[in-house]
file my_file-v9.pdb (PDB, C-alpha atoms)
ATOM      1  CA  MET M  15      14.789  42.293  -3.438
ATOM      2  CA  LEU M  16      14.519  44.673  -0.461
ATOM      3  CA  ARG M  17      13.637  41.706   1.759
ATOM      4  CA  VAL M  18      16.753  39.925   0.587
ATOM      5  CA  ARG M  19      18.918  42.943   1.398
ATOM      6  CA  GLY M  20      17.349  43.211   4.841
ATOM      7  CA  PHE M  21      18.046  39.516   5.405
ATOM      8  CA  LEU M  22      21.663  40.011   4.296
ATOM      9  CA  ARG M  23      22.215  42.927   6.695
ATOM     10  CA  ASN M  24      21.345  40.673   9.618
ATOM     11  CA  LEU M  25      23.957  38.033   8.746
ATOM     12  CA  PRO M  26      27.029  37.761  11.011
ATOM     13  CA  ASN M  27      29.879  39.018   8.787
ATOM     14  CA  GLU M  28      30.697  40.502   5.394
ATOM     15  CA  SER M  29      32.305  37.336   4.054
ATOM     16  CA  TYR M  30      29.120  35.395   4.804
ATOM     17  CA  ILE M  31      27.069  38.151   3.089
ATOM     18  CA  THR M  32      29.290  38.040   0.016
ATOM     19  CA  GLN M  33      28.968  34.264  -0.298
ATOM     20  CA  LEU M  34      25.217  34.339   0.126
ATOM     21  CA  THR M  35      24.817  37.198  -2.366
ATOM     22  CA  GLU M  36      26.825  35.278  -4.970
ATOM     23  CA  ALA M  37      24.743  32.191  -4.317
ATOM     24  CA  ILE M  38      21.513  34.122  -4.866
ATOM     25  CA  ILE M  39      22.823  35.567  -8.117
ATOM     26  CA  SER M  40      23.827  32.070  -9.279
ATOM     27  CA  LEU M  41      20.267  30.877  -8.779
ATOM     28  CA  GLY M  42      19.041  33.118 -11.601
ATOM     29  CA  THR M  43      17.302  36.409 -12.211
ATOM     30  CA  THR M  44      15.240  38.350  -9.702
ATOM     31  CA  ALA M  45      12.054  37.211 -11.429
ATOM     32  CA  LYS M  46      13.033  33.581 -11.082
ATOM     33  CA  PHE M  47      13.923  34.155  -7.466
ATOM     34  CA  LYS M  48      10.479  35.642  -6.780
ATOM     35  CA  ASP M  49       8.786  32.612  -8.291
ATOM     36  CA  MET M  50      10.890  30.150  -6.349
ATOM     37  CA  LYS M  51       9.321  28.551  -3.293
ATOM     38  CA  ARG M  52      11.011  29.545  -0.039
ATOM     39  CA  SER M  53      11.712  25.945   0.930
ATOM     40  CA  ARG M  54      13.308  25.217  -2.450
ATOM     41  CA  PHE M  55      15.456  28.349  -2.170
ATOM     42  CA  LEU M  56      16.669  27.402   1.282
ATOM     43  CA  ARG M  57      17.486  23.888   0.134
ATOM     44  CA  LYS M  58      19.638  25.281  -2.663
ATOM     45  CA  ILE M  59      21.443  27.642  -0.300
ATOM     46  CA  SER M  60      21.989  24.923   2.283
ATOM     47  CA  GLY M  61      23.437  22.742  -0.458
ATOM     48  CA  LEU M  62      26.126  25.377  -0.872
ATOM     49  CA  GLY M  63      26.942  25.179   2.822
ATOM     50  CA  LEU M  64      25.867  28.756   3.513
ATOM     51  CA  ILE M  65      23.194  28.196   6.143
ATOM     52  CA  PRO M  66      22.842  25.385   8.693
ATOM     53  CA  LEU M  67      20.495  22.513   7.846
ATOM     54  CA  PHE M  68      18.724  22.655  11.218
ATOM     55  CA  GLY M  69      17.020  25.875  10.126
ATOM     56  CA  LEU M  70      15.166  24.183   7.298
ATOM     57  CA  SER M  71      12.776  21.998   9.259
ATOM     58  CA  SER M  72      10.201  24.751   9.773
ATOM     59  CA  CYS M  73      10.190  25.559   6.055
ATOM     60  CA  GLU M  74       9.360  22.086   4.765
ATOM     61  CA  GLU M  75       5.921  20.541   4.395
ATOM     62  CA  PRO M  76       4.950  18.409   7.426
ATOM     63  CA  GLU M  77       5.927  14.809   6.858
ATOM     64  CA  GLN M  78       3.361  12.021   6.913
ATOM     65  CA  GLN M  79       3.378   9.915  10.060
ATOM     66  CA  PRO M  80       4.661   6.315   9.585
ATOM     67  CA  GLY M  81       1.455   4.809  10.948
ATOM     68  CA  ASP M  82      -0.705   6.692   8.446
ATOM     69  CA  GLN M  83       1.620   5.638   5.643
ATOM     70  CA  ILE M  84       1.321   1.968   6.624
ATOM     71  CA  LYS M  85      -2.473   2.199   6.498
ATOM     72  CA  GLU M  86      -2.419   3.926   3.104
ATOM     73  CA  GLU M  87      -0.015   1.397   1.608
ATOM     74  CA  LEU M  88      -1.960  -1.581   2.944
ATOM     75  CA  THR M  89      -5.231  -0.174   1.622
ATOM     76  CA  ALA M  90      -3.710   0.525  -1.794
ATOM     77  CA  ALA M  91      -2.195  -2.987  -1.967
ATOM     78  CA  TRP M  92      -5.490  -4.686  -1.151
ATOM     79  CA  LEU M  93      -7.486  -2.531  -3.560
ATOM     80  CA  ARG M  94      -5.101  -3.542  -6.322
ATOM     81  CA  SER M  95      -5.272  -7.171  -5.203
ATOM     82  CA  GLU M  96      -9.067  -7.153  -5.444
ATOM     83  CA  GLU M  97      -8.949  -5.657  -8.914
ATOM     84  CA  ILE M  98      -6.592  -8.347 -10.207
ATOM     85  CA  THR M  99      -8.481 -11.153  -8.439
ATOM     86  CA  LEU M 100     -11.828 -10.142  -9.912
ATOM     87  CA  ILE M 101     -10.322 -10.002 -13.404
ATOM     88  CA  SER M 102      -9.255 -13.647 -13.071
ATOM     89  CA  MET M 103     -12.564 -14.734 -11.572
ATOM     90  CA  GLU M 104     -14.658 -12.970 -14.207
ATOM     91  CA  GLN M 105     -12.650 -14.607 -16.992
ATOM     92  CA  MET M 106     -13.493 -18.149 -15.961
ATOM     93  CA  PRO M 107     -16.761 -19.366 -17.556
ATOM     94  CA  PRO M 108     -19.471 -20.329 -15.012
ATOM     95  CA  GLU M 109     -19.458 -23.951 -16.165
ATOM     96  CA  SER M 110     -15.728 -24.244 -15.405
ATOM     97  CA  TYR M 111     -15.914 -23.148 -11.769
ATOM     98  CA  PHE M 112     -15.986 -26.795 -10.674
ATOM     99  CA  PHE M 113     -12.983 -27.708 -12.813
ATOM    100  CA  LYS M 114      -9.877 -29.233 -11.213
ATOM    101  CA  TYR M 115      -6.803 -30.548 -12.971
ATOM    102  CA  THR M 116      -6.327 -33.621 -10.753
ATOM    103  CA  GLU M 117      -8.627 -35.566  -8.473
ATOM    104  CA  GLU M 118      -6.929 -34.388  -5.262
ATOM    105  CA  ALA M 119      -6.794 -30.712  -6.281
ATOM    106  CA  MET M 120      -9.322 -28.069  -5.294
ATOM    107  CA  THR M 121     -11.747 -26.855  -7.924
ATOM    108  CA  PHE M 122     -11.511 -23.304  -9.214
ATOM    109  CA  SER M 123     -14.419 -22.430  -6.937
ATOM    110  CA  GLU M 124     -12.780 -24.067  -3.913
ATOM    111  CA  GLN M 125      -9.554 -22.119  -4.446
ATOM    112  CA  TRP M 126     -11.380 -18.854  -3.890
ATOM    113  CA  ARG M 127     -13.566 -20.193  -1.098
ATOM    114  CA  HIS M 128     -10.391 -21.227   0.706
ATOM    115  CA  CYS M 129      -8.974 -17.704   0.314
ATOM    116  CA  VAL M 130     -12.103 -16.216   1.885
ATOM    117  CA  VAL M 131     -12.185 -18.520   4.914
ATOM    118  CA  PHE M 132      -8.425 -18.471   5.517
ATOM    119  CA  THR M 133      -7.954 -14.710   5.171
ATOM    120  CA  CYS M 134     -10.817 -13.722   7.451
ATOM    121  CA  GLY M 135     -10.038 -16.417  10.007
ATOM    122  CA  GLN M 136      -6.332 -15.612  10.262
ATOM    123  CA  LEU M 137      -6.823 -11.853  10.511
ATOM    124  CA  ALA M 138      -9.661 -12.001  13.023
ATOM    125  CA  GLY M 139      -7.927 -14.708  15.037
ATOM    126  CA  ARG M 140      -4.863 -12.507  15.655
ATOM    127  CA  THR M 141      -6.710  -9.266  16.369
ATOM    128  CA  ALA M 142      -9.745  -8.218  18.366
ATOM    129  CA  LEU M 143     -11.830  -8.117  15.192
ATOM    130  CA  GLU M 144     -14.933 -10.220  14.695
ATOM    131  CA  ASN M 145     -14.657 -12.942  12.058
ATOM    132  CA  PRO M 146     -17.569 -12.501   9.627
ATOM    133  CA  TYR M 147     -17.447 -16.262   8.947
ATOM    134  CA  GLU M 148     -17.267 -17.376  12.576
ATOM    135  CA  ASN M 149     -20.754 -18.885  12.430
ATOM    136  CA  VAL M 150     -21.029 -19.254   8.666
ATOM    137  CA  LYS M 151     -20.187 -22.446   6.818
ATOM    138  CA  LEU M 152     -19.812 -21.792   3.124
ATOM    139  CA  PRO M 153     -20.685 -24.615   0.710
ATOM    140  CA  VAL M 154     -17.592 -26.417  -0.525
ATOM    141  CA  GLN M 155     -18.664 -25.851  -4.104
ATOM    142  CA  MET M 156     -20.280 -22.554  -5.071
ATOM    143  CA  PRO M 157     -21.353 -21.184  -8.440
ATOM    144  CA  LYS M 158     -19.506 -18.271  -9.994
ATOM    145  CA  GLU M 159     -21.660 -15.377  -8.778
ATOM    146  CA  GLU M 160     -21.744 -16.659  -5.202
ATOM    147  CA  VAL M 161     -17.975 -17.075  -4.995
ATOM    148  CA  ILE M 162     -17.396 -13.619  -6.446
ATOM    149  CA  SER M 163     -19.813 -12.173  -3.898
ATOM    150  CA  GLU M 164     -17.918 -13.812  -1.008
ATOM    151  CA  ILE M 165     -14.577 -12.626  -2.365
ATOM    152  CA  LYS M 166     -15.858  -9.040  -2.425
ATOM    153  CA  LYS M 167     -16.994  -9.424   1.184
ATOM    154  CA  MET M 168     -13.544 -10.694   2.133
ATOM    155  CA  TYR M 169     -11.793  -7.706   0.587
ATOM    156  CA  ALA M 170     -14.275  -5.328   2.237
ATOM    157  CA  PHE M 171     -13.535  -6.975   5.594
ATOM    158  CA  VAL M 172      -9.775  -6.548   5.151
ATOM    159  CA  ARG M 173     -10.089  -2.878   4.157
ATOM    160  CA  SER M 174     -12.403  -2.249   7.099
ATOM    161  CA  SER M 175      -9.932  -3.986   9.414
ATOM    162  CA  ILE M 176      -7.049  -1.819   8.210
ATOM    163  CA  GLU M 177      -9.141   1.248   8.913
ATOM    164  CA  LYS M 178     -10.272   0.080  12.368
ATOM    165  CA  LEU M 179      -6.920  -1.148  13.687
ATOM    166  CA  SER M 180      -4.880   1.524  15.453
ATOM    167  CA  VAL M 181      -1.223   2.120  14.622
ATOM    168  CA  GLN M 182      -0.277   0.420  17.891
ATOM    169  CA  GLU M 183      -2.349  -2.621  16.946
ATOM    170  CA  LEU M 184      -0.766  -2.775  13.498
ATOM    171  CA  LEU M 185       2.681  -2.729  15.085
ATOM    172  CA  ALA M 186       1.792  -5.329  17.725
ATOM    173  CA  LYS M 187       3.409  -8.746  17.280
ATOM    174  CA  CYS M 188       1.555 -11.981  16.601
ATOM    175  CA  GLU M 189       2.563 -15.592  15.981
ATOM    176  CA  PHE M 190       2.369 -16.712  12.370
ATOM    177  CA  ALA M 191       3.958 -19.651  10.567
ATOM    178  CA  GLY M 192       6.377 -20.332  13.420
ATOM    179  CA  ASP M 193       7.538 -16.746  13.667
ATOM    180  CA  GLU M 194       6.567 -13.515  15.427
ATOM    181  CA  ILE M 195       5.609 -10.717  13.069
ATOM    182  CA  PRO M 196       3.733  -7.398  13.390
ATOM    183  CA  ILE M 197       0.081  -7.364  12.344
ATOM    184  CA  TRP M 198       0.833  -5.167   9.333
ATOM    185  CA  ARG M 199       3.164  -7.871   8.027
ATOM    186  CA  LEU M 200       0.493 -10.480   8.651
ATOM    187  CA  ILE M 201      -1.858  -8.489   6.414
ATOM    188  CA  TYR M 202       0.763  -8.507   3.653
ATOM    189  CA  ALA M 203       1.350 -12.243   4.220
ATOM    190  CA  LEU M 204      -2.367 -12.901   3.750
ATOM    191  CA  GLU M 205      -2.284 -11.055   0.440
ATOM    192  CA  SER M 206       0.742 -13.129  -0.550
ATOM    193  CA  HIS M 207      -1.328 -16.231   0.212
ATOM    194  CA  ILE M 208      -4.000 -14.973  -2.184
ATOM    195  CA  VAL M 209      -1.347 -14.379  -4.850
ATOM    196  CA  HIS M 210      -0.314 -18.027  -4.461
ATOM    197  CA  HIS M 211      -3.830 -19.298  -5.139
ATOM    198  CA  ARG M 212      -4.477 -16.721  -7.826
ATOM    199  CA  GLY M 213      -1.428 -18.034  -9.626
ATOM    200  CA  GLN M 214      -2.893 -21.538  -9.510
ATOM    201  CA  CYS M 215      -6.153 -20.186 -10.883
ATOM    202  CA  VAL M 216      -4.311 -18.666 -13.834
ATOM    203  CA  VAL M 217      -3.256 -22.221 -14.718
ATOM    204  CA  TYR M 218      -6.898 -23.300 -14.415
ATOM    205  CA  LEU M 219      -7.796 -20.609 -16.950
ATOM    206  CA  ARG M 220      -5.152 -21.854 -19.375
ATOM    207  CA  LEU M 221      -6.321 -25.436 -19.018
ATOM    208  CA  ASN M 222      -9.795 -24.247 -19.971
ATOM    209  CA  GLU M 223      -8.431 -22.457 -23.042
ATOM    210  CA  VAL M 224      -8.940 -19.023 -21.512
ATOM    211  CA  ILE M 225      -6.091 -16.581 -22.103
ATOM    212  CA  PRO M 226      -5.449 -14.705 -18.829
ATOM    213  CA  LYS M 227      -5.564 -10.951 -19.138
ATOM    214  CA  GLY M 228      -2.208  -9.290 -18.581
ATOM    215  CA  PHE M 229      -1.809  -6.873 -15.694
ATOM    216  CA  TYR M 230       0.873  -4.715 -14.136
ATOM    217  CA  GLY M 231       1.417  -3.667 -10.554
ATOM    218  CA  TRP M 232       1.062  -5.504  -7.290
TER     219      TRP M 232
END

call {"tool": "encode", "arguments": {"input": "my_file-v9.pdb", "output": "structure tokens"}}
result
Amino acid sequence: MLRVRGFLRNLPNESYITQLTEAIISLGTTAKFKDMKRSRFLRKISGLGLIPLFGLSSCEEPEQQPGDQIKEELTAAWLRSEEITLISMEQMPPESYFFKYTEEAMTFSEQWRHCVVFTCGQLAGRTALENPYENVKLPVQMPKEEVISEIKKMYAFVRSSIEKLSVQELLAKCEFAGDEIPIWRLIYALESHIVHHRGQCVVYLRLNEVIPKGFYGW
């Protein structure tokens, strides 16, 4: 409490001291005041209009930089995407991986092969990253374990790319689907493309009398 009194003595006028003293009392007992974090205390006082807001910046925790936040959110989104994708892929029986609902449609296996080739090609083609499938031609039809293995490689490539790309590179613009978008939006667009095909694969599961597992999140 002595520190508080010393702080009060240094304030500009008695009226200001009276207001601040009343505000401190309204916050609770001395014990509660001792336990209260300094930043929280100052926020409460500033809310009463007793001290200027510009004095609070040094008391708050340092904020996360936008670039770091973009990387974290992209990584989290793609980790979740991989989890949901693998659930769907594991559910389909091996003998149904070559199933397709019409003659012109892609098989279940082809759907995921397409995701691998498209995702890696689009991301590498718009950045300085090396496409892991540049000189690799995947079979059009692949058995279950092989497709799952390639899908895991694709997700690993995307996560590695997010880590390697600088903030400036993530913010740089690229042409995509007739528009100019930043690379970070391209990475989200590629995940959206996977969602599109994953939704088709859910129908494939139903047509093979497999009940898709429910999931929450994105």

call {"tool": "atom_distance", "arguments": {"input": "my_file-v9.pdb", "atom1": "atom CA of Leu93 of chain M", "atom2": "atom CA of Trp126 of chain M"}}
result
16.8 Å

call {"tool": "resolve_selection", "arguments": {"input": "my_file-v9.pdb", "expression": "the PyMOL selection byres ((chain M and resi 213-216) around 8)", "output": "ChimeraX atom specification"}}
result
/M:102,122,125,209-212,217-220,226

call {"tool": "atom_distance", "arguments": {"input": "my_file-v9.pdb", "atom1": "atom CA of Lys178 of chain M", "atom2": "atom CA of Thr89 of chain M"}}
result
11.9 Å

call {"tool": "closest_residue", "arguments": {"input": "my_file-v9.pdb", "among": "M:His128, M:Leu221, M:Lys227, M:Ile165", "to": "Tyr115 of chain M", "atoms": "all atoms listed in the file"}}
result
M:Leu221

call {"tool": "closest_atom_pairs", "arguments": {"input": "my_file-v9.pdb", "of": "segment 183-217 of chain M", "to": "segment 138-160 of chain M", "cutoff": "8 Å", "atoms": "all atoms listed in the file", "output": "JSON lines"}}
result
{"residue": "M:Glu183", "atom": "CA", "partner": "M:Thr141", "partner_atom": "CA", "distance": 8.0}
{"residue": "M:Cys188", "atom": "CA", "partner": "M:Arg140", "partner_atom": "CA", "distance": 6.5}
{"residue": "M:Ile197", "atom": "CA", "partner": "M:Arg140", "partner_atom": "CA", "distance": 7.9}

call {"tool": "resolve_selection", "arguments": {"input": "my_file-v9.pdb", "expression": "the PyMOL selection byres ((chain M and resi 107) around 10)", "output": "mmCIF file with C-alpha atoms, in the coordinates of the input"}}
result
data_model
loop_
_atom_site.group_PDB
_atom_site.id
_atom_site.type_symbol
_atom_site.label_atom_id
_atom_site.label_comp_id
_atom_site.auth_asym_id
_atom_site.auth_seq_id
_atom_site.Cartn_x
_atom_site.Cartn_y
_atom_site.Cartn_z
ATOM 1 C CA MET M 103 -12.564 -14.734 -11.572
ATOM 2 C CA GLU M 104 -14.658 -12.970 -14.207
ATOM 3 C CA GLN M 105 -12.650 -14.607 -16.992
ATOM 4 C CA MET M 106 -13.493 -18.149 -15.961
ATOM 5 C CA PRO M 108 -19.471 -20.329 -15.012
ATOM 6 C CA GLU M 109 -19.458 -23.951 -16.165
ATOM 7 C CA SER M 110 -15.728 -24.244 -15.405
ATOM 8 C CA TYR M 111 -15.914 -23.148 -11.769
ATOM 9 C CA LYS M 158 -19.506 -18.271 -9.994
ATOM 10 C CA LEU M 219 -7.796 -20.609 -16.950
ATOM 11 C CA ASN M 222 -9.795 -24.247 -19.971
ATOM 12 C CA VAL M 224 -8.940 -19.023 -21.512
#

call {"tool": "residues_around", "arguments": {"input": "my_file-v9.pdb", "residues": "Ala191 of chain M", "least_positions_apart": "6", "cutoff": "12 Å", "atoms": "all atoms listed in the file", "output": "PyMOL selection string"}}
result
chain M and resi 136+200+203-204

call {"tool": "residues_around", "arguments": {"input": "my_file-v9.pdb", "residues": "segment 162-164 of chain M", "least_positions_apart": "5", "cutoff": "8 Å", "atoms": "only C-alpha atoms", "output": "mmCIF file with C-alpha atoms, in the frame of the given file"}}
result
data_model
loop_
_atom_site.group_PDB
_atom_site.id
_atom_site.type_symbol
_atom_site.label_atom_id
_atom_site.label_comp_id
_atom_site.auth_asym_id
_atom_site.auth_seq_id
_atom_site.Cartn_x
_atom_site.Cartn_y
_atom_site.Cartn_z
ATOM 1 C CA LEU M 100 -11.828 -10.142 -9.912
ATOM 2 C CA MET M 103 -12.564 -14.734 -11.572
ATOM 3 C CA ARG M 127 -13.566 -20.193 -1.098
ATOM 4 C CA VAL M 130 -12.103 -16.216 1.885
#

call {"tool": "residues_near_point", "arguments": {"input": "my_file-v9.pdb", "point": "(-12.0, -8.5, 6.3)", "cutoff": "8 Å", "atoms": "all atoms listed in the file", "output": "PyMOL selection string"}}
result
chain M and resi 133-134+137-138+145-146+167-175

call {"tool": "closest_residue", "arguments": {"input": "my_file-v9.pdb", "among": "M:Glu205, M:Asp193, M:Glu96, M:Glu177", "to": "Asp82 of chain M", "atoms": "only C-alpha atoms"}}
result
M:Glu177

call {"tool": "atom_distance", "arguments": {"input": "my_file-v9.pdb", "atom1": "atom CA of Gly135 of chain M", "atom2": "atom CA of Thr116 of chain M"}}
result
27.2 Å

call {"tool": "closest_residue", "arguments": {"input": "my_file-v9.pdb", "among": "M:Ala90, M:Ile201, M:Ile98, M:Val131", "to": "Leu184 of chain M", "atoms": "all atoms listed in the file"}}
result
M:Ile201
